[in-house]
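Q: Hey, dropping data_25.cif in here, mmCIF, C-alpha atoms:
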data_run
#
loop_
_atom_site.label_atom_id
_atom_site.label_comp_id
_atom_site.auth_asym_id
_atom_site.auth_seq_id
_atom_site.Cartn_x
_atom_site.Cartn_y
_atom_site.Cartn_z
CA MET J 17 0.00 0.00 0.00
CA ILE J 18 1.25 3.51 -0.80
CA GLU J 19 2.38 5.36 2.32
CA ASN J 20 1.06 8.73 3.41
CA THR J 21 4.38 10.34 2.39
CA TYR J 22 3.34 9.68 -1.22
CA ASN J 23 4.05 12.77 -3.35
CA PRO J 24 1.52 13.30 -6.19
CA GLN J 25 3.81 15.83 -7.87
CA GLU J 26 6.38 13.07 -8.36
CA VAL J 27 4.00 10.25 -9.24
CA ILE J 28 1.68 11.91 -11.78
CA PRO J 29 4.51 12.48 -14.32
CA GLU J 30 5.45 8.80 -13.93
CA ILE J 31 1.85 7.79 -14.69
CA ALA J 32 1.96 9.92 -17.85
CA ARG J 33 5.29 8.37 -18.86
CA THR J 34 4.01 4.82 -18.31
CA LEU J 35 0.89 5.45 -20.40
CA GLN J 36 3.00 6.97 -23.17
CA ILE J 37 5.19 3.85 -23.26
CA PHE J 38 2.37 1.32 -23.27
CA LYS J 39 -0.49 3.26 -24.91
CA PRO J 40 1.19 5.85 -27.17
CA ASP J 41 -1.59 5.91 -29.77
CA ASN J 42 -4.36 6.91 -27.36
CA ASN J 43 -6.05 3.55 -27.62
CA LEU J 44 -8.76 2.73 -25.11
CA ILE J 45 -7.40 2.09 -21.61
CA GLU J 46 -9.10 0.47 -18.66
CA ILE J 47 -7.67 1.25 -15.24
CA ARG J 48 -8.62 -0.77 -12.18
CA SER J 49 -8.11 -0.76 -8.45
CA PRO J 50 -9.30 -4.27 -7.59
CA LYS J 51 -8.97 -3.96 -3.82
CA ASN J 52 -11.77 -2.85 -1.51
CA GLU J 53 -14.28 -0.96 -3.67
CA SER J 54 -13.27 -2.50 -7.04
CA LYS J 55 -12.88 0.77 -8.93
CA SER J 56 -12.70 0.86 -12.73
CA GLY J 57 -12.64 3.44 -15.53
CA TYR J 58 -12.30 3.53 -19.34
CA PHE J 59 -10.44 6.37 -21.01
CA TYR J 60 -9.03 7.41 -24.38
CA ASP J 61 -7.64 10.72 -23.16
CA HIS J 62 -4.50 10.34 -21.02
CA ASN J 63 -4.96 13.74 -19.41
CA LEU J 64 -8.54 12.96 -18.43
CA LEU J 65 -7.43 9.61 -17.00
CA ILE J 66 -4.69 11.28 -14.96
CA ASN J 67 -7.10 13.96 -13.74
CA ASN J 68 -9.51 11.26 -12.54
CA ILE J 69 -6.86 9.08 -10.94
CA SER J 70 -5.35 12.06 -9.14
CA TRP J 71 -8.30 11.92 -6.72
CA HIS J 72 -7.51 8.29 -5.88
CA LEU J 73 -3.70 8.25 -5.71
CA TYR J 74 -3.58 6.31 -2.46
CA ASP J 75 -5.20 3.31 -4.13
CA VAL J 76 -3.16 0.68 -5.97
CA TRP J 77 -3.91 0.97 -9.69
CA TYR J 78 -3.43 -1.35 -12.66
CA PHE J 79 -4.19 -0.99 -16.35
CA VAL J 80 -5.04 -3.46 -19.14
CA MET J 81 -2.11 -3.57 -21.54
CA ASN J 82 -3.68 -5.21 -24.58
CA ASP J 83 -5.99 -3.60 -27.15
CA ILE J 84 -9.57 -3.34 -25.85
CA ASP J 85 -12.76 -3.52 -27.92
CA PRO J 86 -13.98 0.09 -28.36
CA ASN J 87 -17.49 -1.05 -27.36
CA CYS J 88 -16.24 -1.18 -23.76
CA TYR J 89 -16.15 2.62 -23.89
CA ASN J 90 -19.95 2.53 -23.74
CA LEU J 91 -19.92 1.04 -20.25
CA GLU J 92 -21.02 3.06 -17.22
CA GLN J 93 -17.41 3.92 -16.26
CA ARG J 94 -16.76 5.83 -19.50
CA ASP J 95 -14.38 8.74 -18.78
CA ASN J 96 -14.94 8.22 -15.09
CA ILE J 97 -13.81 6.05 -12.20
CA ILE J 98 -16.66 4.22 -10.50
CA LYS J 99 -16.90 1.83 -7.59
CA TYR J 100 -18.18 -1.75 -7.89
CA ALA J 101 -18.28 -1.74 -11.69
CA LYS J 102 -20.71 -4.31 -13.06
CA LYS J 103 -18.40 -5.17 -15.96
CA THR J 104 -14.69 -4.87 -16.65
CA THR J 105 -12.51 -6.08 -19.53
CA SER J 106 -12.58 -9.84 -20.10
CA ASP J 107 -10.64 -12.04 -22.55
CA LYS J 108 -13.38 -11.74 -25.17
CA ASP J 109 -13.01 -7.94 -25.07
CA ILE J 110 -9.36 -8.06 -26.18
CA ILE J 111 -9.11 -7.56 -29.94
CA ASN J 112 -5.32 -7.51 -30.28
CA ARG J 113 -2.27 -8.51 -28.27
CA ASP J 114 0.00 -5.48 -27.99
CA TRP J 115 2.43 -6.88 -25.43
CA LEU J 116 4.02 -10.24 -24.72
CA LEU J 117 4.57 -10.62 -20.99
CA ILE J 118 7.21 -12.96 -19.56
CA ASP J 119 6.86 -13.26 -15.79
CA CYS J 120 9.68 -14.58 -13.58
CA ASP J 121 8.62 -15.19 -9.98
CA PRO J 122 10.34 -16.92 -7.06
CA VAL J 123 8.88 -20.27 -6.02
CA ARG J 124 7.44 -19.73 -2.53
CA PRO J 125 4.34 -20.50 -0.46
CA SER J 126 1.19 -18.71 -1.64
CA ASN J 127 0.30 -15.36 -0.03
CA THR J 128 3.89 -14.71 1.03
CA SER J 129 6.17 -11.93 -0.17
CA ALA J 130 9.49 -12.73 -1.80
CA SER J 131 12.65 -12.26 0.27
CA ASP J 132 15.55 -10.20 -1.09
CA ASP J 133 17.41 -13.40 -1.97
CA GLU J 134 14.36 -14.85 -3.73
CA LYS J 135 13.88 -11.68 -5.70
CA GLN J 136 17.54 -11.70 -6.71
CA SER J 137 17.07 -15.24 -7.99
CA ALA J 138 14.13 -14.04 -10.10
CA TRP J 139 16.32 -11.25 -11.48
CA ASN J 140 19.05 -13.72 -12.38
CA THR J 141 16.57 -15.91 -14.24
CA LEU J 142 15.09 -12.90 -16.01
CA ASN J 143 18.56 -11.98 -17.29
CA LYS J 144 19.06 -15.49 -18.65
CA VAL J 145 15.75 -15.27 -20.52
CA TYR J 146 16.63 -11.79 -21.77
CA GLU J 147 20.03 -12.89 -23.09
CA TYR J 148 18.51 -15.95 -24.75
CA LEU J 149 15.87 -13.89 -26.55
CA GLN J 150 18.41 -11.21 -27.52
CA SER J 151 20.52 -13.90 -29.17
CA ALA J 152 17.40 -15.01 -31.07
CA GLY J 153 16.89 -11.49 -32.46
CA PHE J 154 14.21 -10.13 -30.13
CA SER J 155 13.94 -6.36 -29.72
CA GLU J 156 14.66 -4.55 -26.46
CA PRO J 157 11.90 -5.18 -23.90
CA VAL J 158 10.42 -3.03 -21.17
CA ILE J 159 11.56 -4.43 -17.80
CA CYS J 160 9.20 -4.09 -14.85
CA ASP J 161 9.42 -4.90 -11.17
CA SER J 162 6.26 -6.86 -10.34
CA GLY J 163 6.68 -6.62 -6.58
CA ASN J 164 7.77 -10.19 -5.91
CA GLY J 165 9.51 -10.80 -9.23
CA TYR J 166 10.13 -9.24 -12.63
CA HIS J 167 8.52 -8.91 -16.07
CA LEU J 168 9.95 -8.73 -19.55
CA LEU J 169 7.47 -6.99 -21.85
CA TYR J 170 7.96 -7.23 -25.61
CA LYS J 171 5.96 -5.11 -28.07
CA VAL J 172 4.00 -7.33 -30.45
CA ASP J 173 1.09 -6.96 -32.86
CA MET J 174 -0.95 -10.17 -32.81
CA SER J 175 -4.68 -10.51 -33.38
CA ASN J 176 -6.64 -12.37 -30.74
CA THR J 177 -7.06 -15.73 -32.47
CA PRO J 178 -6.88 -19.33 -31.22
CA ASP J 179 -3.81 -19.93 -33.40
CA ASN J 180 -1.93 -17.01 -31.83
CA THR J 181 -2.98 -18.10 -28.35
CA GLU J 182 -1.58 -21.57 -29.03
CA LEU J 183 1.63 -20.09 -30.45
CA LEU J 184 2.22 -18.00 -27.33
CA LYS J 185 1.31 -20.94 -25.12
CA GLN J 186 4.02 -23.06 -26.76
CA PHE J 187 6.49 -20.16 -26.56
CA LEU J 188 5.98 -19.68 -22.80
CA GLU J 189 6.06 -23.43 -22.18
CA THR J 190 9.43 -23.55 -23.95
CA LEU J 191 10.82 -20.76 -21.77
CA ASP J 192 9.47 -22.54 -18.70
CA LEU J 193 11.17 -25.77 -19.78
CA LEU J 194 14.47 -23.97 -20.42
CA PHE J 195 14.67 -21.62 -17.45
CA SER J 196 12.34 -22.60 -14.59
CA ASP J 197 13.94 -24.45 -11.68
CA ASP J 198 13.29 -25.20 -8.02
CA SER J 199 13.72 -21.53 -7.03
CA VAL J 200 12.21 -19.50 -9.90
CA SER J 201 9.27 -20.13 -12.22
CA VAL J 202 8.71 -18.66 -15.67
CA ASP J 203 4.94 -18.35 -15.93
CA LYS J 204 3.54 -20.45 -18.77
CA VAL J 205 -0.08 -19.32 -18.46
CA VAL J 206 -1.33 -17.35 -21.47
CA THR J 207 -3.76 -14.60 -20.52
CA LEU J 208 -5.26 -11.79 -22.55
CA VAL J 209 -6.23 -9.37 -19.78
CA HIS J 210 -2.76 -8.54 -18.48
CA LEU J 211 -3.02 -6.10 -15.60
CA LEU J 212 0.17 -4.08 -15.23
CA HIS J 213 0.86 -2.07 -12.10
CA LEU J 214 0.38 1.63 -12.84
CA ILE J 215 0.93 3.06 -9.35
#
Now that the file is in, can you turn its structure into structure tokens?
A:
Amino acid sequence: MIENTYNPQEVIPEIARTLQIFKPDNNLIEIRSPKNESKSGYFYDHNLLINNISWHLYDVWYFVMNDIDPNCYNLEQRDNIIKYAKKTTSDKDIINRDWLLIDCDPVRPSNTSASDDEKQSAWNTLNKVYEYLQSAGFSEPVICDSGNGYHLLYKVDMSNTPDNTELLKQFLETLDLLFSDDSVSVDKVVTLVHLLHLI
């Protein structure tokens, strides 16, 4: 949870920078705060999104990375953050995969935070995956701290089809086979509604 020393003047520019990296073309964005009151909002305009979220900066916020069906903009949380939204983005609402997420997490009991050593192990595995994909000709990824582990995020442009889902499933299963061990797991689950930590 964000502490009371949280400085909006420092964080709001970081929100703008994150949105510009992941949603540079002003595509539809859903933001969510799934804890407590389950807040959600759909926005095209980055400035309007930031203005709305600035009233809720002490919540933990995520956004949907992949390309959302524009029809979702007709939901009740259009250009606004509401509590207890009846509907949020589901897999069937994703029309295109914009990002490939590779998630390296320490192996640990559920509902426990990673120790410093466990997180270092996840970082070491992430670097092995990064170097392997670089040698195979992959572009530079965005690297994110997920809290307990790390993400590699590669820009892609893949329509939401069963064939592409199967292709990514086999890709992640291969990385899992090559790099997962007793201490770190490379997630092999293919999901469409990736929620990335915004603040």
Q: Nearest residue to J:Glu30 out of J:Ile66, J:Met174, J:Val205, J:Cys88, using all atoms listed in the file?
A: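 Looking at the shortest contact to J:Glu30, the residue is J:Ile66.
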Q: Compile the contact shell of stretch 91-97 of chain J as a PDB file with C-alpha atoms, in the coordinates of the input: residues with an atom at most 6 Å away, counting all atoms listed in the file, same-chain residues fewer than 2 positions apart removed.
A:
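Written output follows (out21.pdb):
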ATOM      1  CA  SER J  56     -12.700   0.860 -12.730  1.00  0.00           C
ATOM      2  CA  GLY J  57     -12.640   3.440 -15.530  1.00  0.00           C
ATOM      3  CA  TYR J  58     -12.300   3.530 -19.340  1.00  0.00           C
ATOM      4  CA  PHE J  59     -10.440   6.370 -21.010  1.00  0.00           C
ATOM      5  CA  CYS J  88     -16.240  -1.180 -23.760  1.00  0.00           C
ATOM      6  CA  TYR J  89     -16.150   2.620 -23.890  1.00  0.00           C
TER       7      TYR J  89
END
Q: Can you build me a table of stretch 89-131 of chain J residues sitting at most 10 Å from stretch 158-162 of chain J, with the closest atom pair per residue and its distance in Å to one decimal, using all atoms listed in the file, sorted by chain and residue number, as a tab-separated table?
A:
residue	atom	partner	partner_atom	distance
J:Trp115	CA	J:Val158	CA	9.8
J:Leu117	CA	J:Val158	CA	9.6
J:Ile118	CA	J:Ile159	CA	9.7
J:Asp119	CA	J:Ser162	CA	8.4
J:Cys120	CA	J:Ser162	CA	9.0
J:Asp121	CA	J:Ser162	CA	8.7
Q: Would you list the contacts of J:Thr104 as a PDB file with C-alpha atoms, keeping the file's coordinate frame, taking every protein, DNA or RNA residue within 12 Å and counting only C-alpha atoms, but skipping same-chain residues closer than 3 positions in sequence?
A:
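Saved result, out_1.pdb, follows:
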ATOM      1  CA  ILE J  45      -7.400   2.090 -21.610  1.00  0.00           C
ATOM      2  CA  GLU J  46      -9.100   0.470 -18.660  1.00  0.00           C
ATOM      3  CA  ILE J  47      -7.670   1.250 -15.240  1.00  0.00           C
ATOM      4  CA  ARG J  48      -8.620  -0.770 -12.180  1.00  0.00           C
ATOM      5  CA  SER J  49      -8.110  -0.760  -8.450  1.00  0.00           C
ATOM      6  CA  PRO J  50      -9.300  -4.270  -7.590  1.00  0.00           C
ATOM      7  CA  SER J  54     -13.270  -2.500  -7.040  1.00  0.00           C
ATOM      8  CA  LYS J  55     -12.880   0.770  -8.930  1.00  0.00           C
ATOM      9  CA  SER J  56     -12.700   0.860 -12.730  1.00  0.00           C
ATOM     10  CA  GLY J  57     -12.640   3.440 -15.530  1.00  0.00           C
ATOM     11  CA  TYR J  58     -12.300   3.530 -19.340  1.00  0.00           C
ATOM     12  CA  PHE J  79      -4.190  -0.990 -16.350  1.00  0.00           C
ATOM     13  CA  VAL J  80      -5.040  -3.460 -19.140  1.00  0.00           C
ATOM     14  CA  ILE J  84      -9.570  -3.340 -25.850  1.00  0.00           C
ATOM     15  CA  ASP J  85     -12.760  -3.520 -27.920  1.00  0.00           C
ATOM     16  CA  ASN J  87     -17.490  -1.050 -27.360  1.00  0.00           C
ATOM     17  CA  CYS J  88     -16.240  -1.180 -23.760  1.00  0.00           C
ATOM     18  CA  TYR J  89     -16.150   2.620 -23.890  1.00  0.00           C
ATOM     19  CA  ASN J  90     -19.950   2.530 -23.740  1.00  0.00           C
ATOM     20  CA  LEU J  91     -19.920   1.040 -20.250  1.00  0.00           C
ATOM     21  CA  GLU J  92     -21.020   3.060 -17.220  1.00  0.00           C
ATOM     22  CA  GLN J  93     -17.410   3.920 -16.260  1.00  0.00           C
ATOM     23  CA  ARG J  94     -16.760   5.830 -19.500  1.00  0.00           C
ATOM     24  CA  ILE J  97     -13.810   6.050 -12.200  1.00  0.00           C
ATOM     25  CA  ILE J  98     -16.660   4.220 -10.500  1.00  0.00           C
ATOM     26  CA  LYS J  99     -16.900   1.830  -7.590  1.00  0.00           C
ATOM     27  CA  TYR J 100     -18.180  -1.750  -7.890  1.00  0.00           C
ATOM     28  CA  ALA J 101     -18.280  -1.740 -11.690  1.00  0.00           C
ATOM     29  CA  ASP J 107     -10.640 -12.040 -22.550  1.00  0.00           C
ATOM     30  CA  LYS J 108     -13.380 -11.740 -25.170  1.00  0.00           C
ATOM     31  CA  ASP J 109     -13.010  -7.940 -25.070  1.00  0.00           C
ATOM     32  CA  ILE J 110      -9.360  -8.060 -26.180  1.00  0.00           C
ATOM     33  CA  VAL J 209      -6.230  -9.370 -19.780  1.00  0.00           C
ATOM     34  CA  LEU J 211      -3.020  -6.100 -15.600  1.00  0.00           C
TER      35      LEU J 211
END
Q: Go through J:Leu149, J:Ile28, J:Leu35, J:Pro178 one by one, measure the shortest atom-to-atom distance of each to J:His72 using only C-alpha atoms, and give the residue with the smallest value.
A: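 When distances to J:His72 are compared using only C-alpha atoms, the smallest one comes from J:Ile28.
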Q: Quick one: pull the distance between atom CA of J:Gly165 and atom CA of J:His62, Å, one decimal.
A: 28.0 Å
Q: For each of J:Ala32, J:Leu64, J:Val172, J:Tyr74, take the minimum atom-to-atom distance to J:Lys51, counting only C-alpha atoms, then give the residue where this is smallest.
A: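 Closest to J:Lys51, using only C-alpha atoms: J:Tyr74.
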Q: Kindly provide, as a list in words, the polymer residues lying within 10 Å of (-3.1, 9.7, -27.0), counting all atoms listed in the file and using the coordinates exactly as they appear in the file.
A: Leu35, Gln36, Lys39, Pro40, Asp41, Asn42, Asn43, Leu44, Tyr60, Asp61, His62 and Asn63 of chain J
Q: If we count only C-alpha atoms, what is near stretch 132-141 of chain J at a cut-off of 9 Å, once residues fewer than 2 positions away on the same chain are taken out, given as a ChimeraX atom specification?
A: /J:120-124,130,143-146,163-166,195-196,199-202
Q: Kindly export the residues of the current selection with C-alpha atoms, as a PDB file, in the frame of the given file.
A:
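Output (part-v2.pdb):
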ATOM      1  CA  CYS J 120       9.680 -14.580 -13.580  1.00  0.00           C
ATOM      2  CA  ASP J 121       8.620 -15.190  -9.980  1.00  0.00           C
ATOM      3  CA  PRO J 122      10.340 -16.920  -7.060  1.00  0.00           C
ATOM      4  CA  VAL J 123       8.880 -20.270  -6.020  1.00  0.00           C
ATOM      5  CA  ARG J 124       7.440 -19.730  -2.530  1.00  0.00           C
ATOM      6  CA  ALA J 130       9.490 -12.730  -1.800  1.00  0.00           C
ATOM      7  CA  ASN J 143      18.560 -11.980 -17.290  1.00  0.00           C
ATOM      8  CA  LYS J 144      19.060 -15.490 -18.650  1.00  0.00           C
ATOM      9  CA  VAL J 145      15.750 -15.270 -20.520  1.00  0.00           C
ATOM     10  CA  TYR J 146      16.630 -11.790 -21.770  1.00  0.00           C
ATOM     11  CA  GLY J 163       6.680  -6.620  -6.580  1.00  0.00           C
ATOM     12  CA  ASN J 164       7.770 -10.190  -5.910  1.00  0.00           C
ATOM     13  CA  GLY J 165       9.510 -10.800  -9.230  1.00  0.00           C
ATOM     14  CA  TYR J 166      10.130  -9.240 -12.630  1.00  0.00           C
ATOM     15  CA  PHE J 195      14.670 -21.620 -17.450  1.00  0.00           C
ATOM     16  CA  SER J 196      12.340 -22.600 -14.590  1.00  0.00           C
ATOM     17  CA  SER J 199      13.720 -21.530  -7.030  1.00  0.00           C
ATOM     18  CA  VAL J 200      12.210 -19.500  -9.900  1.00  0.00           C
ATOM     19  CA  SER J 201       9.270 -20.130 -12.220  1.00  0.00           C
ATOM     20  CA  VAL J 202       8.710 -18.660 -15.670  1.00  0.00           C
TER      21      VAL J 202
END
Q: Calculate how many Å separate atom CA of J:Pro157 from atom CA of J:Asp75, rounding to one decimal.
A: 27.5 Å
Q: Mind rebuilding stretch 139-153 of chain J with N, CA and C atoms and writing that out as a short mmCIF file (atom, residue, chain, number, x, y, z; two decimals), in the frame of the given file?
A:
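The resulting file, rebuild.cif, is shown below:
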data_model
loop_
_atom_site.label_atom_id
_atom_site.label_comp_id
_atom_site.auth_asym_id
_atom_site.auth_seq_id
_atom_site.Cartn_x
_atom_site.Cartn_y
_atom_site.Cartn_z
N TRP J 139 15.59 -12.16 -10.60
CA TRP J 139 16.32 -11.25 -11.48
C TRP J 139 17.37 -12.00 -12.30
N ASN J 140 18.05 -12.93 -11.67
CA ASN J 140 19.05 -13.72 -12.38
C ASN J 140 18.42 -14.54 -13.50
N THR J 141 17.26 -15.13 -13.22
CA THR J 141 16.57 -15.91 -14.24
C THR J 141 16.08 -15.02 -15.37
N LEU J 142 15.55 -13.84 -15.00
CA LEU J 142 15.09 -12.90 -16.01
C LEU J 142 16.22 -12.53 -16.96
N ASN J 143 17.42 -12.32 -16.43
CA ASN J 143 18.56 -11.98 -17.29
C ASN J 143 18.92 -13.11 -18.23
N LYS J 144 18.79 -14.35 -17.76
CA LYS J 144 19.06 -15.49 -18.65
C LYS J 144 18.05 -15.53 -19.80
N VAL J 145 16.78 -15.29 -19.47
CA VAL J 145 15.75 -15.27 -20.52
C VAL J 145 16.01 -14.12 -21.48
N TYR J 146 16.34 -12.96 -20.94
CA TYR J 146 16.63 -11.79 -21.77
C TYR J 146 17.77 -12.07 -22.75
N GLU J 147 18.87 -12.62 -22.24
CA GLU J 147 20.03 -12.89 -23.09
C GLU J 147 19.70 -13.92 -24.16
N TYR J 148 18.92 -14.92 -23.79
CA TYR J 148 18.51 -15.95 -24.75
C TYR J 148 17.68 -15.33 -25.89
N LEU J 149 16.73 -14.49 -25.54
CA LEU J 149 15.87 -13.89 -26.55
C LEU J 149 16.63 -12.85 -27.38
N GLN J 150 17.56 -12.13 -26.75
CA GLN J 150 18.41 -11.21 -27.52
C GLN J 150 19.20 -11.95 -28.58
N SER J 151 19.73 -13.11 -28.21
CA SER J 151 20.52 -13.90 -29.17
C SER J 151 19.66 -14.44 -30.30
N ALA J 152 18.33 -14.53 -30.05
CA ALA J 152 17.40 -15.01 -31.07
C ALA J 152 16.84 -13.86 -31.91
N GLY J 153 17.29 -12.62 -31.64
CA GLY J 153 16.89 -11.49 -32.46
C GLY J 153 15.72 -10.69 -31.95
#
